[in-house]
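A.B. asks: Supplied in structure tokens, the structure appears directly below.
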Amino acid sequence: MILVTGGAGYIGSHCALALIEQGFDVTVFDNLSTGHLKTIETLKNISQNNFEFVNGDLLNSEELDKTFDSGNIDAVIHFAAFSQVGESVKDPAKYYRNNICGTLNLLDAMRKYNVDKIVFSSTAATYGEPVRIPIDETHPQNPINPYGFSKLAIEKIMDDYDRAYNIKSVRLRYFNVAGADAKSRLGEWHDPETHLIPNILKSTFANSKTFRMFGTDYDTKDGTCVRDYINIEDLVQAHLLSLEYLNNGGKTDFFNLGTKSGNTVREVFALCEKVTGKDISVETKPRREGDPALLVADNTKAKEILNWHPEKTLEDSIKSAYQWEKNLQEQING
């Protein structure tokens with residue numbers, strides 16, 4: 001049995017789906033603060049295996065105890081966290097308490113019930129402002145917001161839990177995740193939505209709403225920020241490979257998940273217009289504080305050690321995201 005915390009959310013649900021389709025028994029543990037019960041119902045309907053859902057909170061040790069005591073859990077894939085950078089600046093206590101204390105409770109439950117393998121959803125935000133591009137795993141980790149600090153603190157805690165208690169971990173540092181399940185069963189469903197691609201796509205449904213583009217004077221080929229967009233299905237494959245790596249005796253380690261190439265915001269807009277067949281009205285705005293010009297991953301280590309090879313293009317991600325968004329709008333608007 002694999003325990004997936006945060007499995008009702010965007011990335012966690014896609015990972016739970018991939019595990020189910022690979023024949024794993026899965027327990028999703030989620031408090032539904034940002035995830036959706038409909039997502040759980042979708043996973044339950046797809047699963048032909050042993051699938052369980054626990055409506056639980058990592059800050060509640062008793063709920064964790066019950067889950068571990070009855071679940072016959074072999075390993076954990078840990079997604080449950082608050083993840084909005086802006087909110088973390090306004091309310092750091094919420095992020096430190098939920099992300100760090102919740103993970104400590106989870107690790108202590110693993111220790112108590114002799115579960116010694118965890119794959120952790122970390123972030124490129126642990127690097128902070130880039131000092132070189134592309135960013136490899138030896139890049140300094142100097143987060144510039146509480147969200148990034150919370151994830152870095154967890155990485156350090158996991159090092160200590162390995163040394164003291166032999167709990168092995170793989171930390172996966174994501175760059176910009178995009179797209180949806182290719183069969184449109186799951187997709188990105190945040191409220192509020194803060195990510196670029198779904199917001200562009202949403203704007204095409206909202207009476208031709210004008211989209212705001214922040215910063216057109218960066219030192220890039222067209223003046224807009226460059227980001228590394230990794231497809232959600234490629235991303236979750238890295239989690240399955242990380243689980244296999246740990247099951248085969250792999251040591252605690254960390255890997256960047258990105259494509260080693262970047263796209264500007266203008267290029268993303270152009271691809272969204274191509275996929276949707278719609279002209280998207282854009283209003284340019286000044287830069288937002290804290291937005292680096294370039295964020296691109298060096299993914300060599302994940303390729304060499306995990307044998308991970310991302311295959312999908314940004315256009316593939318936008319196509320699947322658009323199909324999902326169309327379905328979601330139909331659900332919302334009847």
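Each chain in the structure tokens gets a letter, A, B and so on, in the order shown; residues start at 1 in every chain, and ligands are counted from 1 in the order they appear.
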Each residue of region 21-65 of chain A lying at most 12 Å from region 81-93 of chain A should get a row with its shortest atom-to-atom pair and the distance in Å to one decimal, counting only C-alpha atoms; could you produce that, ordered by chain and increasing number, as a tab-separated table?
C.D. replies:
```
residue	atom	partner	partner_atom	distance
A:Phe29	CA	A:Ala81	CA	12.0
A:Asp30	CA	A:Ala81	CA	10.0
A:Asn31	CA	A:Ala81	CA	10.6
A:Leu32	CA	A:Ala81	CA	11.3
A:Ser33	CA	A:Phe82	CA	9.3
A:Thr34	CA	A:Phe82	CA	8.5
A:Gly35	CA	A:Ala81	CA	10.9
A:Asp57	CA	A:Ala81	CA	10.6
A:Leu58	CA	A:Ala81	CA	9.5
A:Leu59	CA	A:Ala81	CA	11.2
```
A.B. asks: So that I can see what lies close to Gly148 (chain A), please list as JSON, numbers by chain the residues with an atom at most 6 Å from it, counting only C-alpha atoms and leaving out residues fewer than 3 positions away in the same chain.
C.D. replies: {"A": [125, 126, 143, 145, 151]}
A.B. asks: List the neighbours of region 263-279 of chain A out to 6 Å using only C-alpha atoms; skip same-chain residues closer than 6 positions along the sequence, and give me the result as a list in words.
C.D. replies: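 Residues near the query, excluding close chain neighbours: Thr224, Cys225, Val226 and Arg227 of chain A.
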A.B. asks: Of the residues A:Lys326, A:Arg111, A:His239, A:His36, which is the one nearest to Tyr174 (chain A), using only C-alpha atoms?
C.D. replies: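 That would be A:His239, the residue with the smallest distance to Tyr174 (chain A).
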A.B. asks: May I have all residues of region 59-306 of chain A that DSSP, computed from the backbone, assigns to alpha helix (DSSP H), given as a ChimeraX atom specification?
C.D. replies: /A:61-71,85-90,92-95,102-112,146-165,196-203,232-247,265-276,300-301
A.B. asks: Those residues you just picked out, can you put them in a file as a CSV table (one decimal), in the first residue's frame with C-alpha atoms?
C.D. replies:
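Once everything was written out, this is selection-v5.csv:
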```csv
chain,number,residue,atom,x,y,z
A,61,SER,CA,-1.5,12.8,14.9
A,62,GLU,CA,-4.4,10.5,16.0
A,63,GLU,CA,-5.7,10.5,12.4
A,64,LEU,CA,-2.3,9.6,11.1
A,65,ASP,CA,-2.0,6.8,13.7
A,66,LYS,CA,-5.3,5.3,12.6
A,67,THR,CA,-4.2,5.4,9.0
A,68,PHE,CA,-0.9,3.8,9.6
A,69,ASP,CA,-2.2,1.3,12.1
A,70,SER,CA,-4.8,-0.1,9.6
A,71,GLY,CA,-3.2,0.6,6.3
A,85,VAL,CA,4.0,32.1,-2.6
A,86,GLY,CA,2.1,35.3,-2.1
A,87,GLU,CA,0.0,33.9,0.7
A,88,SER,CA,3.1,32.6,2.4
A,89,VAL,CA,4.5,36.1,2.6
A,90,LYS,CA,1.3,37.4,4.1
A,92,PRO,CA,4.0,32.7,7.2
A,93,ALA,CA,2.7,31.1,10.4
A,94,LYS,CA,0.1,29.2,8.3
A,95,TYR,CA,2.9,27.8,6.1
A,102,GLY,CA,2.5,18.4,9.4
A,103,THR,CA,5.5,16.8,7.8
A,104,LEU,CA,7.1,16.2,11.2
A,105,ASN,CA,3.9,14.4,12.3
A,106,LEU,CA,4.0,12.3,9.2
A,107,LEU,CA,7.7,11.4,9.6
A,108,ASP,CA,7.1,10.5,13.3
A,109,ALA,CA,4.2,8.2,12.3
A,110,MET,CA,6.4,6.5,9.7
A,111,ARG,CA,9.0,6.0,12.4
A,112,LYS,CA,6.5,4.6,14.8
A,146,PRO,CA,8.2,31.4,3.5
A,147,TYR,CA,6.9,28.8,1.1
A,148,GLY,CA,10.4,28.0,-0.2
A,149,PHE,CA,11.8,28.1,3.4
A,150,SER,CA,9.2,25.6,4.6
A,151,LYS,CA,10.1,23.2,1.8
A,152,LEU,CA,13.9,23.6,2.4
A,153,ALA,CA,13.4,23.1,6.2
A,154,ILE,CA,11.6,19.8,5.4
A,155,GLU,CA,14.5,18.7,3.2
A,156,LYS,CA,16.9,19.3,6.0
A,157,ILE,CA,14.7,17.5,8.5
A,158,MET,CA,14.6,14.5,6.1
A,159,ASP,CA,18.4,14.4,6.1
A,160,ASP,CA,18.4,14.3,9.9
A,161,TYR,CA,15.7,11.6,10.0
A,162,ASP,CA,17.8,9.5,7.6
A,163,ARG,CA,20.9,9.8,9.7
A,164,ALA,CA,19.1,9.2,13.0
A,165,TYR,CA,16.2,6.8,12.0
A,196,LEU,CA,-0.1,31.1,-15.8
A,197,ILE,CA,-1.4,28.5,-18.3
A,198,PRO,CA,-4.8,27.7,-16.6
A,199,ASN,CA,-5.4,31.4,-16.1
A,200,ILE,CA,-4.7,32.2,-19.7
A,201,LEU,CA,-7.1,29.4,-20.7
A,202,LYS,CA,-9.7,30.5,-18.2
A,203,SER,CA,-9.6,34.0,-19.7
A,232,ILE,CA,2.2,16.7,-15.2
A,233,GLU,CA,2.3,13.1,-16.6
A,234,ASP,CA,6.0,13.3,-17.1
A,235,LEU,CA,6.4,14.7,-13.6
A,236,VAL,CA,4.4,11.9,-11.9
A,237,GLN,CA,6.5,9.3,-13.7
A,238,ALA,CA,9.5,10.7,-11.8
A,239,HIS,CA,7.6,9.9,-8.6
A,240,LEU,CA,7.1,6.3,-9.6
A,241,LEU,CA,10.7,6.0,-10.6
A,242,SER,CA,11.8,7.5,-7.3
A,243,LEU,CA,9.7,4.9,-5.5
A,244,GLU,CA,11.3,2.1,-7.5
A,245,TYR,CA,14.7,3.7,-6.7
A,246,LEU,CA,14.0,3.6,-3.0
A,247,ASN,CA,12.6,0.1,-3.2
A,265,VAL,CA,5.4,34.2,-21.3
A,266,ARG,CA,4.8,35.5,-24.8
A,267,GLU,CA,5.6,32.1,-26.3
A,268,VAL,CA,3.1,30.5,-23.8
A,269,PHE,CA,0.4,33.0,-24.9
A,270,ALA,CA,1.1,32.3,-28.6
A,271,LEU,CA,0.8,28.5,-28.0
A,272,CYS,CA,-2.5,29.1,-26.0
A,273,GLU,CA,-3.9,31.1,-28.9
A,274,LYS,CA,-2.8,28.3,-31.3
A,275,VAL,CA,-4.4,25.5,-29.3
A,276,THR,CA,-7.6,27.4,-28.5
A,300,THR,CA,20.7,15.6,-16.0
A,301,LYS,CA,20.9,14.0,-12.5
```
A.B. asks: For region 39-97 of chain A versus region 184-195 of chain A, which residues have an atom no more than 9 Å away, and what is each residue's nearest atom pair and distance in Å rounded to one decimal, using only C-alpha atoms, chain-then-number order, as JSON lines?
C.D. replies:
```
{"residue": "A:Thr39", "atom": "CA", "partner": "A:Leu186", "partner_atom": "CA", "distance": 7.1}
{"residue": "A:Thr42", "atom": "CA", "partner": "A:Arg185", "partner_atom": "CA", "distance": 7.2}
{"residue": "A:Leu43", "atom": "CA", "partner": "A:Arg185", "partner_atom": "CA", "distance": 8.8}
{"residue": "A:Gln84", "atom": "CA", "partner": "A:Thr194", "partner_atom": "CA", "distance": 7.8}
```
A.B. asks: Near Ala75 (chain A), counting only C-alpha atoms, which residues have an atom at most 9 Å away, once you skip same-chain residues fewer than 5 positions from it, shown as JSON, numbers by chain?
C.D. replies: {"A": [1, 2, 3, 4, 110, 115, 116, 117, 118, 119, 243, 247]}
A.B. asks: Ranking A:Asp291, A:Asp222, A:Ser281, A:Ala180 by minimum distance to Leu328 (chain A) and counting only C-alpha atoms, which one comes first?
C.D. replies: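 Looking at the shortest contact to Leu328 (chain A), the residue is A:Ala180.
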A.B. asks: Any chance you could list, as an MDAnalysis selection string, the residues in region 73-169 of chain A that come up strand (DSSP E or B) when DSSP is run on the backbone?
C.D. replies: chainID A and resid 75:78 117:123 128 135 142 168:169
A.B. asks: Write the selection just made, keeping C-alpha atoms, as an mmCIF file, in the first residue's frame?
C.D. replies:
```cif
data_model
loop_
_atom_site.group_PDB
_atom_site.id
_atom_site.type_symbol
_atom_site.label_atom_id
_atom_site.label_comp_id
_atom_site.auth_asym_id
_atom_site.auth_seq_id
_atom_site.Cartn_x
_atom_site.Cartn_y
_atom_site.Cartn_z
ATOM 1 C CA ALA A 75 5.941 3.801 1.450
ATOM 2 C CA VAL A 76 4.735 7.404 1.379
ATOM 3 C CA ILE A 77 4.525 9.972 -1.419
ATOM 4 C CA HIS A 78 4.034 13.335 0.261
ATOM 5 C CA LYS A 117 10.675 5.270 2.418
ATOM 6 C CA ILE A 118 9.218 8.645 1.388
ATOM 7 C CA VAL A 119 9.112 10.612 -1.872
ATOM 8 C CA PHE A 120 8.686 14.317 -1.158
ATOM 9 C CA SER A 121 7.182 17.045 -3.317
ATOM 10 C CA SER A 122 9.753 19.827 -2.982
ATOM 11 C CA THR A 123 10.203 22.881 -5.188
ATOM 12 C CA GLY A 128 15.662 31.412 -4.547
ATOM 13 C CA ILE A 135 19.932 25.390 -12.207
ATOM 14 C CA ASN A 142 18.508 30.501 -0.550
ATOM 15 C CA LYS A 168 15.188 7.203 3.198
ATOM 16 C CA SER A 169 13.793 10.065 1.138
#
```
A.B. asks: Tell me which of A:Leu314, A:Phe205, A:Asn98, A:Met213 sits closest to Asn176 (chain A), counting only C-alpha atoms.
C.D. replies: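 Checking each candidate against Asn176 (chain A), we get A:Leu314 as the closest.
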A.B. asks: Using only C-alpha atoms, which of A:Ile230, A:Ala80, A:Ser47, A:Asp74 sits nearest Gly7 (chain A)?
C.D. replies: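 So, comparing all the options, the nearest one is A:Ala80.
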A.B. asks: So how far away is CA of Tyr113 (chain A) from CA of Leu172 (chain A), in Å?
C.D. replies: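 The value is 24.1 Å.
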A.B. asks: In Å, with one decimal, what is the gap from CA of Asn50 (chain A) to CA of Leu17 (chain A)?
C.D. replies: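 Interatomic distance here is 12.6 Å.
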A.B. asks: What does the distance between CA of Gly223 (chain A) and CA of Val131 (chain A) come to in Å, to one decimal place?
C.D. replies: 19.4 Å
